[in-house]
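Text of structure.csv, listed as CSV, C-alpha atoms and all ligand atoms:
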chain,number,residue,atom,x,y,z
K,1,MET,CA,-85.5,6.4,35.1
K,2,ILE,CA,-84.3,8.0,32.0
K,3,PHE,CA,-81.5,9.6,33.9
K,4,HIS,CA,-80.5,6.2,35.5
K,5,PHE,CA,-80.7,4.6,32.1
K,6,LEU,CA,-78.5,7.3,30.7
K,7,ILE,CA,-76.0,6.8,33.5
K,8,LEU,CA,-76.1,3.0,33.0
K,9,GLY,CA,-75.7,3.5,29.3
K,10,LYS,CA,-72.8,5.8,29.9
K,11,GLU,CA,-71.2,3.2,32.2
K,12,LYS,CA,-71.8,0.6,29.7
K,13,ILE,CA,-70.3,2.7,27.0
K,14,ILE,CA,-67.3,3.4,29.2
K,15,LYS,CA,-66.9,-0.3,30.0
K,16,ASN,CA,-67.2,-1.2,26.3
K,17,THR,CA,-64.5,1.4,25.4
K,18,ASP,CA,-62.2,-0.1,28.1
K,19,ASP,CA,-62.7,-3.6,26.7
K,20,ILE,CA,-61.9,-2.4,23.2
K,21,GLU,CA,-58.8,-0.6,24.2
K,22,VAL,CA,-57.4,-3.6,26.0
K,23,ALA,CA,-58.3,-5.8,23.2
K,24,GLU,CA,-56.7,-3.4,20.8
K,25,ARG,CA,-53.5,-3.3,22.9
K,26,LYS,CA,-53.3,-7.0,23.0
K,27,SER,CA,-53.9,-7.4,19.3
K,28,LEU,CA,-51.3,-4.7,18.6
K,29,LYS,CA,-48.7,-6.6,20.7
K,30,ASN,CA,-49.5,-9.8,18.9
K,31,LYS,CA,-49.4,-8.1,15.6
K,32,ARG,CA,-45.9,-6.7,16.3
K,33,LYS,CA,-44.7,-10.2,17.4
K,34,PHE,CA,-46.0,-11.5,14.2
K,35,GLU,CA,-44.4,-8.8,12.1
K,36,PHE,CA,-41.0,-9.4,13.8
K,37,LYS,CA,-41.2,-13.1,13.1
K,38,VAL,CA,-42.0,-12.4,9.4
K,39,TYR,CA,-39.1,-10.0,9.1
K,40,PHE,CA,-36.8,-12.4,10.9
K,41,LEU,CA,-37.7,-15.1,8.4
K,42,PHE,CA,-37.6,-13.0,5.3
K,43,TYR,CA,-34.7,-10.7,5.9
K,44,PRO,CA,-32.0,-13.3,5.0
K,45,LEU,CA,-34.0,-14.2,1.9
K,46,LEU,CA,-33.9,-10.5,0.9
K,47,ILE,CA,-30.2,-10.0,1.8
K,48,LEU,CA,-28.8,-13.2,0.3
K,49,PRO,CA,-29.6,-12.4,-3.4
K,50,LEU,CA,-28.1,-8.9,-2.8
K,51,LEU,CA,-24.9,-10.3,-1.3
K,52,ILE,CA,-24.6,-12.7,-4.3
K,53,LEU,CA,-25.1,-9.8,-6.7
K,54,LEU,CA,-22.4,-7.8,-4.9
K,55,ILE,CA,-19.8,-10.6,-4.9
K,56,LYS,CA,-20.6,-11.5,-8.5
K,57,ASP,CA,-19.9,-7.9,-9.5
K,58,ASP,CA,-16.2,-7.9,-10.5
K,59,ASN,CA,-15.5,-4.3,-9.4
K,60,ILE,CA,-17.0,-4.8,-6.0
K,61,ALA,CA,-15.2,-8.1,-5.5
K,62,LYS,CA,-11.9,-6.4,-6.5
K,63,LEU,CA,-12.6,-3.6,-4.1
K,64,LEU,CA,-13.2,-6.1,-1.3
K,65,LEU,CA,-10.1,-8.1,-2.2
K,66,PHE,CA,-8.0,-5.0,-2.5
K,67,THR,CA,-9.1,-3.8,0.9
K,68,LYS,CA,-8.3,-7.2,2.4
K,69,SER,CA,-4.8,-7.4,0.8
K,70,ASN,CA,-4.0,-3.9,1.8
K,71,ASN,CA,-4.6,-4.7,5.4
K,72,SER,CA,-2.4,-7.7,5.3
K,73,GLU,CA,0.4,-5.8,3.6
K,74,LYS,CA,0.2,-3.1,6.1
K,75,ASP,CA,1.4,-5.5,8.7
K,76,GLU,CA,4.4,-6.6,6.6
K,77,ARG,CA,6.0,-3.2,6.7
K,78,ILE,CA,8.8,-2.3,9.1
K,79,LEU,CA,9.5,1.4,9.6
K,80,GLY,CA,7.9,2.2,6.3
K,81,HIS,CA,9.9,-0.5,4.3
K,82,LEU,CA,8.4,-3.5,2.5
K,83,PRO,CA,10.1,-6.9,2.8
K,84,TYR,CA,12.3,-8.1,-0.2
K,85,LYS,CA,14.0,-11.4,-0.8
K,86,GLU,CA,17.6,-11.6,-1.8
K,87,ALA,CA,18.3,-12.2,-5.5
K,88,LEU,CA,19.9,-15.5,-6.3
K,89,ASN,CA,23.6,-15.5,-7.2
K,90,GLU,CA,23.0,-16.8,-10.7
K,91,SER,CA,20.6,-13.9,-11.5
K,92,LEU,CA,23.3,-11.3,-10.8
K,93,ILE,CA,26.0,-9.8,-13.1
K,94,GLU,CA,28.9,-7.5,-12.5
K,95,ILE,CA,28.3,-4.1,-14.3
K,96,GLN,CA,31.5,-2.5,-13.0
K,97,PRO,CA,34.0,-3.6,-10.4
K,98,ASP,CA,32.3,-4.2,-7.1
K,99,ILE,CA,28.8,-3.5,-8.4
K,100,LEU,CA,26.4,-6.3,-9.2
K,101,VAL,CA,23.0,-5.8,-10.7
K,102,HIS,CA,20.2,-8.2,-11.8
K,103,LYS,CA,20.8,-9.6,-15.2
K,104,GLU,CA,17.4,-8.4,-16.4
K,105,MET,CA,18.3,-4.8,-15.6
K,106,TYR,CA,21.9,-4.9,-17.0
K,107,SER,CA,21.4,-3.9,-20.7
K,108,SER,CA,18.8,-1.2,-20.0
K,109,LEU,CA,21.1,0.4,-17.4
K,110,LEU,CA,24.1,0.3,-19.7
K,111,LYS,CA,22.0,1.8,-22.6
K,112,MET,CA,20.7,4.5,-20.3
K,113,LYS,CA,24.2,5.4,-19.1
K,114,LYS,CA,25.5,5.6,-22.7
K,115,ASP,CA,22.6,7.7,-23.9
K,116,ALA,CA,23.0,10.1,-21.0
K,117,GLU,CA,26.7,10.5,-22.0
K,118,ARG,CA,25.6,11.4,-25.5
K,119,ASP,CA,23.7,14.3,-23.8
K,120,GLY,CA,26.8,15.3,-21.8
K,121,VAL,CA,25.6,13.7,-18.6
K,122,TYR,CA,27.9,11.3,-16.8
K,123,LEU,CA,26.0,9.0,-14.4
K,124,VAL,CA,28.1,7.3,-11.7
K,125,LEU,CA,26.9,3.9,-10.4
K,126,LEU,CA,27.3,4.1,-6.6
K,127,SER,CA,25.5,1.0,-5.3
K,128,GLY,CA,23.6,-1.9,-6.9
K,129,PHE,CA,22.9,-5.3,-5.4
K,130,ARG,CA,23.4,-5.5,-1.6
K,131,SER,CA,23.1,-8.8,0.2
K,132,ILE,CA,21.0,-8.9,3.3
K,133,LYS,CA,24.2,-9.5,5.3
K,134,LEU,CA,25.7,-6.3,3.9
K,135,GLN,CA,22.5,-4.4,4.5
K,136,ASN,CA,22.6,-5.7,8.1
K,137,GLN,CA,26.1,-4.2,8.5
K,138,ILE,CA,25.1,-0.9,6.9
K,139,PHE,CA,22.0,-0.6,9.0
K,140,TYR,CA,23.4,-1.4,12.4
K,141,SER,CA,26.9,0.0,12.0
K,142,LEU,CA,25.7,3.4,10.7
K,143,LYS,CA,23.0,3.5,13.2
K,144,SER,CA,25.5,3.2,16.0
K,145,ILE,CA,28.1,5.5,14.4
K,146,ARG,CA,25.5,8.2,13.9
K,147,ASN,CA,24.0,7.5,17.4
K,148,GLN,CA,20.6,7.0,15.8
K,149,GLU,CA,17.6,5.0,16.8
K,150,ALA,CA,16.3,2.4,14.3
K,151,SER,CA,13.4,4.5,13.3
K,152,GLU,CA,15.6,7.5,12.4
K,153,ARG,CA,18.1,5.3,10.5
K,154,ALA,CA,15.2,3.7,8.6
K,155,ARG,CA,14.3,7.0,7.1
K,156,VAL,CA,17.6,6.9,5.0
K,157,SER,CA,18.5,3.2,5.0
K,158,ALA,CA,16.2,0.1,4.9
K,159,PRO,CA,16.5,-2.5,7.7
K,160,PRO,CA,18.1,-5.9,6.5
K,161,GLY,CA,15.6,-7.9,4.5
K,162,TYR,CA,13.7,-4.8,3.6
K,163,SER,CA,15.9,-3.1,1.0
K,164,GLU,CA,15.2,-2.9,-2.7
K,165,HIS,CA,18.9,-3.3,-3.2
K,166,SER,CA,18.7,-6.9,-2.1
K,167,THR,CA,16.6,-7.7,-5.2
K,168,GLY,CA,19.3,-6.5,-7.6
K,169,PHE,CA,16.8,-4.2,-9.3
K,170,ALA,CA,17.8,-1.0,-7.4
K,171,ILE,CA,20.6,1.3,-8.3
K,172,ASP,CA,22.0,4.5,-6.7
K,173,PHE,CA,23.3,7.2,-9.1
K,174,GLY,CA,25.7,10.0,-8.6
K,175,ASP,CA,26.8,12.8,-11.0
K,176,ALA,CA,30.5,12.5,-12.1
K,177,TYR,CA,30.8,16.3,-12.1
K,178,GLU,CA,29.3,16.7,-8.6
K,179,ARG,CA,30.5,13.9,-6.4
K,180,SER,CA,29.9,16.0,-3.2
K,181,THR,CA,26.2,15.3,-3.8
K,182,ASP,CA,26.6,11.5,-3.6
K,183,PHE,CA,23.8,10.1,-1.4
K,184,GLU,CA,22.7,13.7,-0.6
K,185,GLN,CA,19.3,15.3,-1.3
K,186,SER,CA,21.2,18.0,-3.1
K,187,PHE,CA,21.7,15.4,-5.9
K,188,GLU,CA,18.3,16.6,-7.2
K,189,ASN,CA,20.0,19.9,-8.4
K,190,THR,CA,22.5,18.0,-10.6
K,191,ASN,CA,22.3,17.6,-14.3
K,192,ALA,CA,22.4,13.8,-13.7
K,193,PHE,CA,19.1,14.0,-11.7
K,194,LYS,CA,17.5,16.4,-14.1
K,195,TRP,CA,18.3,14.0,-17.0
K,196,LEU,CA,17.1,11.0,-15.1
K,197,LYS,CA,13.8,12.7,-14.2
K,198,LYS,CA,13.2,13.5,-17.9
K,199,ASN,CA,14.4,10.2,-19.4
K,200,ALA,CA,14.6,7.3,-17.0
K,201,ALA,CA,11.1,6.1,-17.6
K,202,ARG,CA,12.0,5.4,-21.2
K,203,TYR,CA,14.5,2.8,-19.8
K,204,HIS,CA,12.0,1.5,-17.2
K,205,PHE,CA,13.6,3.1,-14.2
K,206,LYS,CA,11.5,4.8,-11.5
K,207,LEU,CA,12.4,6.9,-8.5
K,208,SER,CA,11.6,4.8,-5.5
K,209,PHE,CA,11.3,7.3,-2.7
K,210,ASP,CA,9.8,10.5,-3.9
K,211,LYS,CA,8.8,13.6,-1.9
K,212,LYS,CA,5.3,12.3,-1.4
K,213,GLN,CA,6.5,9.4,0.9
K,214,SER,CA,6.0,10.2,4.6
K,215,SER,CA,7.8,7.3,6.3
K,216,VAL,CA,10.9,7.2,4.2
K,217,ASP,CA,13.1,10.3,3.3
K,218,TYR,CA,13.3,11.6,-0.3
K,219,GLU,CA,16.2,9.8,-2.1
K,220,PRO,CA,16.7,11.4,-5.5
K,221,TRP,CA,19.7,9.1,-6.1
K,222,HIS,CA,17.8,5.8,-5.6
K,223,TRP,CA,16.1,4.3,-8.7
K,224,ARG,CA,14.6,0.9,-9.4
K,225,TYR,CA,14.1,-1.1,-12.6
K,226,GLU,CA,10.6,-2.2,-13.5
K,227,GLY,CA,11.2,-3.4,-17.1
K,228,SER,CA,10.7,-7.1,-16.5
K,229,ILE,CA,7.8,-9.2,-15.2
K,230,GLU,CA,10.0,-10.4,-12.3
K,231,ALA,CA,10.8,-6.8,-11.3
K,232,LEU,CA,7.1,-5.8,-11.7
K,233,LYS,CA,6.1,-8.7,-9.5
K,234,ILE,CA,8.7,-7.7,-6.8
K,235,PHE,CA,7.6,-4.1,-6.7
K,236,GLU,CA,3.8,-4.7,-7.2
K,237,SER,CA,3.0,-4.2,-3.5
K,238,SER,CA,5.0,-1.0,-3.4
K,239,ASN,CA,3.3,0.4,-6.5
K,240,ARG,CA,-0.2,-0.6,-5.2
K,241,LYS,CA,0.6,1.2,-2.0
K,242,ALA,CA,1.6,4.3,-3.9
K,243,LEU,CA,-1.8,4.5,-5.7
E,1,ZN,ZN,19.7,3.0,-2.7

Rewritten as structure tokens:
Amino acid sequence: MIFHFLILGKEKIIKNTDDIEVAERKSLKNKRKFEFKVYFLFYPLLILPLLILLIKDDNIAKLLLFTKSNNSEKDERILGHLPYKEALNESLIEIQPDILVHKEMYSSLLKMKKDAERDGVYLVLLSGFRSIKLQNQIFYSLKSIRNQEASERARVSAPPGYSEHSTGFAIDFGDAYERSTDFEQSFENTNAFKWLKKNAARYHFKLSFDKKQSSVDYEPWHWRYEGSIEALKIFESSNRKAL
């Protein structure tokens, strides 16, 4: 009897344990469902204030906007060149026969040229404003003369509509004593280039295509003016890209 009772008791205990296990499993499942619902409802409430804080933070907002604008500018480039509008006729002035420049650059450029002469350096102005029509001729005629593909030509000359020269704020320099270096990278060895590198910033001129650029070749002769608000606005994208 005692043995039977023990067996029954054991069975009962086993049965009870089974019941509890099933019940526990069920309640666990229900508990998880409940937790999921709670998270689902409360997550947006937790994330929203965080998002508002992030957007309200000036630095983070700037960072977000900066990334966004960077992406859109990336699409505007053609063969490494940014698009530029053509300067209006009334904003141009002749600085020497056949060379026009933007009126806002005129006096700074003349002063720089004169000051260089005082130091024994004679800057030659090779090319200033170029219309999109002229840039078109340069780009396509030289491309075919040199039997070059557009991407090769774009390393040394911008496609029409993408040249800083069209703005009137770009200027190509030569050295009066070393004309063989005109439009050549060897211009960097001339006294004119050395003088420009040391002094041009004082007159608000900046080298456009330095050695760090990967898509466009180094052009030691090509400088741009950034001494007016209009010029700064025009070259803002380019400067932001270079950061
Ligand atoms: Zn140039």

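The gap separating atom CA of Asn239 of chain K from atom CA of Thr167 of chain K is 15.6 Å, in Å to one decimal.
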
Selected residue, from K:Tyr225, K:Tyr106, K:Phe173, K:Phe205, that lies nearest to Asn191 of chain K when counting only C-alpha atoms:
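When distances to Asn191 of chain K are compared using only C-alpha atoms, the smallest one comes from K:Phe173.
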
Using all atoms listed in the file, what are the residues with an atom within 6 Å of ligand ZN 1 (chain E), set out as an NGL selection string?
:K and (171-172 or 222)

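Counting from atom CA of Ala87 of chain K, the distance to atom CA of Tyr162 of chain K is 12.6 Å.
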
For Tyr218 of chain K, which residue out of K:Leu196, K:Ala176, K:Arg155, K:Leu232 is the nearest one, using all atoms listed in the file?
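Between K:Leu196, K:Ala176, K:Arg155, K:Leu232, the residue approaching Tyr218 of chain K most closely is K:Arg155.
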
As an exercise, work out the distance from atom CA of Ile132 of chain K to atom CA of Ala158 of chain K in Å and give it to one decimal place.
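Atom-to-atom, atom CA of Ile132 of chain K and atom CA of Ala158 of chain K are spaced 10.3 Å apart.
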
Selected residue of minimal separation from Lys85 of chain K among K:Lys111, K:Lys103, K:Arg118, K:Arg130, counting only C-alpha atoms:
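Comparing K:Lys111, K:Lys103, K:Arg118, K:Arg130 against Lys85 of chain K, the winner is K:Arg130.
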
Within 9 Å of (21.3, -13.3, -8.4), in the coordinates the file gives, what residues turn up when you count all atoms listed in the file, written out as a PyMOL selection string?
chain K and resi 86-93+100-103+129+167-168

Which of K:His81, K:Glu104, K:Arg224, K:Gln148 sits closest to Ser127 of chain K [using all atoms listed in the file]:
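Checking each of K:His81, K:Glu104, K:Arg224, K:Gln148 against Ser127 of chain K, counting all atoms listed in the file, the winner is K:Arg224.
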
Written record: segment 61-214 of chain K, C-alpha atoms, as an mmCIF file, in the first residue's frame:
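Contents of the output file out-v1.cif:
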data_model
loop_
_atom_site.group_PDB
_atom_site.id
_atom_site.type_symbol
_atom_site.label_atom_id
_atom_site.label_comp_id
_atom_site.auth_asym_id
_atom_site.auth_seq_id
_atom_site.Cartn_x
_atom_site.Cartn_y
_atom_site.Cartn_z
ATOM 1 C CA ALA K 61 21.484 69.907 -38.178
ATOM 2 C CA LYS K 62 24.362 71.520 -40.077
ATOM 3 C CA LEU K 63 26.035 68.159 -40.393
ATOM 4 C CA LEU K 64 22.837 66.630 -41.788
ATOM 5 C CA LEU K 65 22.315 69.518 -44.228
ATOM 6 C CA PHE K 66 25.981 69.454 -45.225
ATOM 7 C CA THR K 67 25.816 65.761 -46.068
ATOM 8 C CA LYS K 68 22.624 66.322 -48.032
ATOM 9 C CA SER K 69 23.993 69.249 -50.071
ATOM 10 C CA ASN K 70 27.238 67.398 -50.678
ATOM 11 C CA ASN K 71 25.372 64.570 -52.288
ATOM 12 C CA SER K 72 23.368 66.854 -54.551
ATOM 13 C CA GLU K 73 26.507 68.743 -55.632
ATOM 14 C CA LYS K 74 28.253 65.520 -56.426
ATOM 15 C CA ASP K 75 25.757 64.958 -59.214
ATOM 16 C CA GLU K 76 26.366 68.415 -60.731
ATOM 17 C CA ARG K 77 30.029 67.724 -61.532
ATOM 18 C CA ILE K 78 31.114 66.729 -65.003
ATOM 19 C CA LEU K 79 34.531 65.108 -65.339
ATOM 20 C CA GLY K 80 35.590 66.758 -62.088
ATOM 21 C CA HIS K 81 34.414 70.291 -62.984
ATOM 22 C CA LEU K 82 31.634 72.246 -61.294
ATOM 23 C CA PRO K 83 29.087 74.190 -63.403
ATOM 24 C CA TYR K 84 29.516 77.977 -63.758
ATOM 25 C CA LYS K 85 27.236 80.581 -65.305
ATOM 26 C CA GLU K 86 28.572 83.045 -67.847
ATOM 27 C CA ALA K 87 29.267 86.547 -66.532
ATOM 28 C CA LEU K 88 26.983 89.289 -67.835
ATOM 29 C CA ASN K 89 28.528 91.636 -70.423
ATOM 30 C CA GLU K 90 28.015 94.674 -68.215
ATOM 31 C CA SER K 91 30.055 93.096 -65.395
ATOM 32 C CA LEU K 92 33.145 92.716 -67.607
ATOM 33 C CA ILE K 93 35.950 95.169 -68.309
ATOM 34 C CA GLU K 94 38.953 95.063 -70.632
ATOM 35 C CA ILE K 95 42.200 94.860 -68.650
ATOM 36 C CA GLN K 96 44.398 94.635 -71.742
ATOM 37 C CA PRO K 97 43.618 94.179 -75.439
ATOM 38 C CA ASP K 98 41.631 90.959 -75.937
ATOM 39 C CA ILE K 99 41.462 90.159 -72.214
ATOM 40 C CA LEU K 100 38.279 90.825 -70.270
ATOM 41 C CA VAL K 101 37.902 90.272 -66.532
ATOM 42 C CA HIS K 102 35.148 90.815 -63.973
ATOM 43 C CA LYS K 103 34.934 94.437 -62.849
ATOM 44 C CA GLU K 104 35.174 93.378 -59.196
ATOM 45 C CA MET K 105 38.557 91.733 -59.833
ATOM 46 C CA TYR K 106 40.007 94.467 -62.036
ATOM 47 C CA SER K 107 41.711 96.793 -59.523
ATOM 48 C CA SER K 108 43.055 93.991 -57.316
ATOM 49 C CA LEU K 109 44.591 92.288 -60.338
ATOM 50 C CA LEU K 110 46.206 95.506 -61.582
ATOM 51 C CA LYS K 111 47.579 96.278 -58.123
ATOM 52 C CA MET K 112 49.007 92.776 -57.770
ATOM 53 C CA LYS K 113 50.673 93.027 -61.204
ATOM 54 C CA LYS K 114 52.212 96.401 -60.319
ATOM 55 C CA ASP K 115 53.435 95.243 -56.909
ATOM 56 C CA ALA K 116 55.016 92.160 -58.508
ATOM 57 C CA GLU K 117 56.852 94.435 -60.951
ATOM 58 C CA ARG K 118 58.226 96.379 -58.006
ATOM 59 C CA ASP K 119 59.729 93.075 -56.849
ATOM 60 C CA GLY K 120 61.184 92.437 -60.337
ATOM 61 C CA VAL K 121 58.516 89.901 -61.328
ATOM 62 C CA TYR K 122 56.643 90.476 -64.594
ATOM 63 C CA LEU K 123 53.300 88.697 -64.714
ATOM 64 C CA VAL K 124 51.762 88.147 -68.150
ATOM 65 C CA LEU K 125 47.985 87.871 -68.385
ATOM 66 C CA LEU K 126 47.315 84.954 -70.737
ATOM 67 C CA SER K 127 43.551 84.414 -70.462
ATOM 68 C CA GLY K 128 40.706 85.973 -68.513
ATOM 69 C CA PHE K 129 36.995 85.780 -69.250
ATOM 70 C CA ARG K 130 36.008 83.110 -71.754
ATOM 71 C CA SER K 131 32.448 82.817 -73.028
ATOM 72 C CA ILE K 132 30.778 79.415 -72.959
ATOM 73 C CA LYS K 133 30.834 79.557 -76.794
ATOM 74 C CA LEU K 134 34.610 80.041 -76.814
ATOM 75 C CA GLN K 135 35.063 77.343 -74.162
ATOM 76 C CA ASN K 136 33.048 75.056 -76.407
ATOM 77 C CA GLN K 137 35.453 75.689 -79.309
ATOM 78 C CA ILE K 138 38.515 75.215 -77.079
ATOM 79 C CA PHE K 139 37.221 72.033 -75.530
ATOM 80 C CA TYR K 140 36.041 70.317 -78.707
ATOM 81 C CA SER K 141 38.640 71.560 -81.189
ATOM 82 C CA LEU K 142 41.629 70.799 -78.959
ATOM 83 C CA LYS K 143 40.109 67.482 -78.066
ATOM 84 C CA SER K 144 39.990 66.452 -81.713
ATOM 85 C CA ILE K 145 43.353 68.044 -82.608
ATOM 86 C CA ARG K 146 45.013 66.142 -79.790
ATOM 87 C CA ASN K 147 42.977 63.021 -80.536
ATOM 88 C CA GLN K 148 41.865 62.945 -76.920
ATOM 89 C CA GLU K 149 38.750 61.565 -75.310
ATOM 90 C CA ALA K 150 36.577 64.005 -73.342
ATOM 91 C CA SER K 151 37.776 62.670 -69.975
ATOM 92 C CA GLU K 152 41.449 63.182 -70.926
ATOM 93 C CA ARG K 153 40.811 66.694 -72.262
ATOM 94 C CA ALA K 154 38.834 67.584 -69.139
ATOM 95 C CA ARG K 155 41.933 67.089 -67.040
ATOM 96 C CA VAL K 156 43.459 70.216 -68.627
ATOM 97 C CA SER K 157 40.413 72.108 -69.930
ATOM 98 C CA ALA K 158 36.905 72.412 -68.530
ATOM 99 C CA PRO K 159 33.898 71.398 -70.620
ATOM 100 C CA PRO K 160 31.749 74.360 -71.835
ATOM 101 C CA GLY K 161 29.563 75.675 -69.013
ATOM 102 C CA TYR K 162 31.984 74.253 -66.442
ATOM 103 C CA SER K 163 34.899 76.674 -66.646
ATOM 104 C CA GLU K 164 35.849 79.197 -63.956
ATOM 105 C CA HIS K 165 36.882 81.446 -66.862
ATOM 106 C CA SER K 166 33.212 81.920 -67.802
ATOM 107 C CA THR K 167 32.640 83.759 -64.514
ATOM 108 C CA GLY K 168 35.229 86.477 -65.278
ATOM 109 C CA PHE K 169 36.903 85.717 -61.944
ATOM 110 C CA ALA K 170 39.639 83.402 -63.291
ATOM 111 C CA ILE K 171 42.958 84.436 -64.761
ATOM 112 C CA ASP K 172 45.872 82.534 -66.288
ATOM 113 C CA PHE K 173 49.366 83.921 -65.635
ATOM 114 C CA GLY K 174 52.635 83.558 -67.452
ATOM 115 C CA ASP K 175 56.140 84.797 -66.659
ATOM 116 C CA ALA K 176 57.408 87.485 -69.077
ATOM 117 C CA TYR K 177 60.927 86.060 -68.819
ATOM 118 C CA GLU K 178 59.935 82.443 -69.359
ATOM 119 C CA ARG K 179 57.238 82.304 -72.008
ATOM 120 C CA SER K 180 58.038 78.698 -72.843
ATOM 121 C CA THR K 181 56.338 77.764 -69.566
ATOM 122 C CA ASP K 182 52.973 79.302 -70.611
ATOM 123 C CA PHE K 183 50.192 76.835 -69.729
ATOM 124 C CA GLU K 184 52.822 74.290 -68.694
ATOM 125 C CA GLN K 185 53.291 72.712 -65.285
ATOM 126 C CA SER K 186 56.910 73.916 -65.443
ATOM 127 C CA PHE K 187 55.453 77.381 -64.757
ATOM 128 C CA GLU K 188 55.710 76.382 -61.088
ATOM 129 C CA ASN K 189 59.518 76.816 -61.338
ATOM 130 C CA THR K 190 59.308 80.437 -62.513
ATOM 131 C CA ASN K 191 59.806 83.492 -60.337
ATOM 132 C CA ALA K 192 56.279 84.571 -61.284
ATOM 133 C CA PHE K 193 54.754 81.464 -59.709
ATOM 134 C CA LYS K 194 56.970 81.653 -56.641
ATOM 135 C CA TRP K 195 55.936 85.287 -56.174
ATOM 136 C CA LEU K 196 52.239 84.420 -56.634
ATOM 137 C CA LYS K 197 52.405 81.574 -54.151
ATOM 138 C CA LYS K 198 53.910 83.895 -51.569
ATOM 139 C CA ASN K 199 51.773 86.997 -52.216
ATOM 140 C CA ALA K 200 48.562 86.277 -54.180
ATOM 141 C CA ALA K 201 46.392 85.657 -51.111
ATOM 142 C CA ARG K 202 47.012 89.264 -50.055
ATOM 143 C CA TYR K 203 45.149 90.328 -53.219
ATOM 144 C CA HIS K 204 42.459 87.631 -52.745
ATOM 145 C CA PHE K 205 43.727 85.310 -55.466
ATOM 146 C CA LYS K 206 43.795 81.564 -54.987
ATOM 147 C CA LEU K 207 45.243 78.666 -56.973
ATOM 148 C CA SER K 208 42.224 76.737 -58.310
ATOM 149 C CA PHE K 209 43.698 73.365 -59.209
ATOM 150 C CA ASP K 210 46.439 72.386 -56.816
ATOM 151 C CA LYS K 211 48.348 69.121 -56.613
ATOM 152 C CA LYS K 212 45.825 67.633 -54.170
ATOM 153 C CA GLN K 213 43.041 67.479 -56.803
ATOM 154 C CA SER K 214 42.606 64.039 -58.253
#
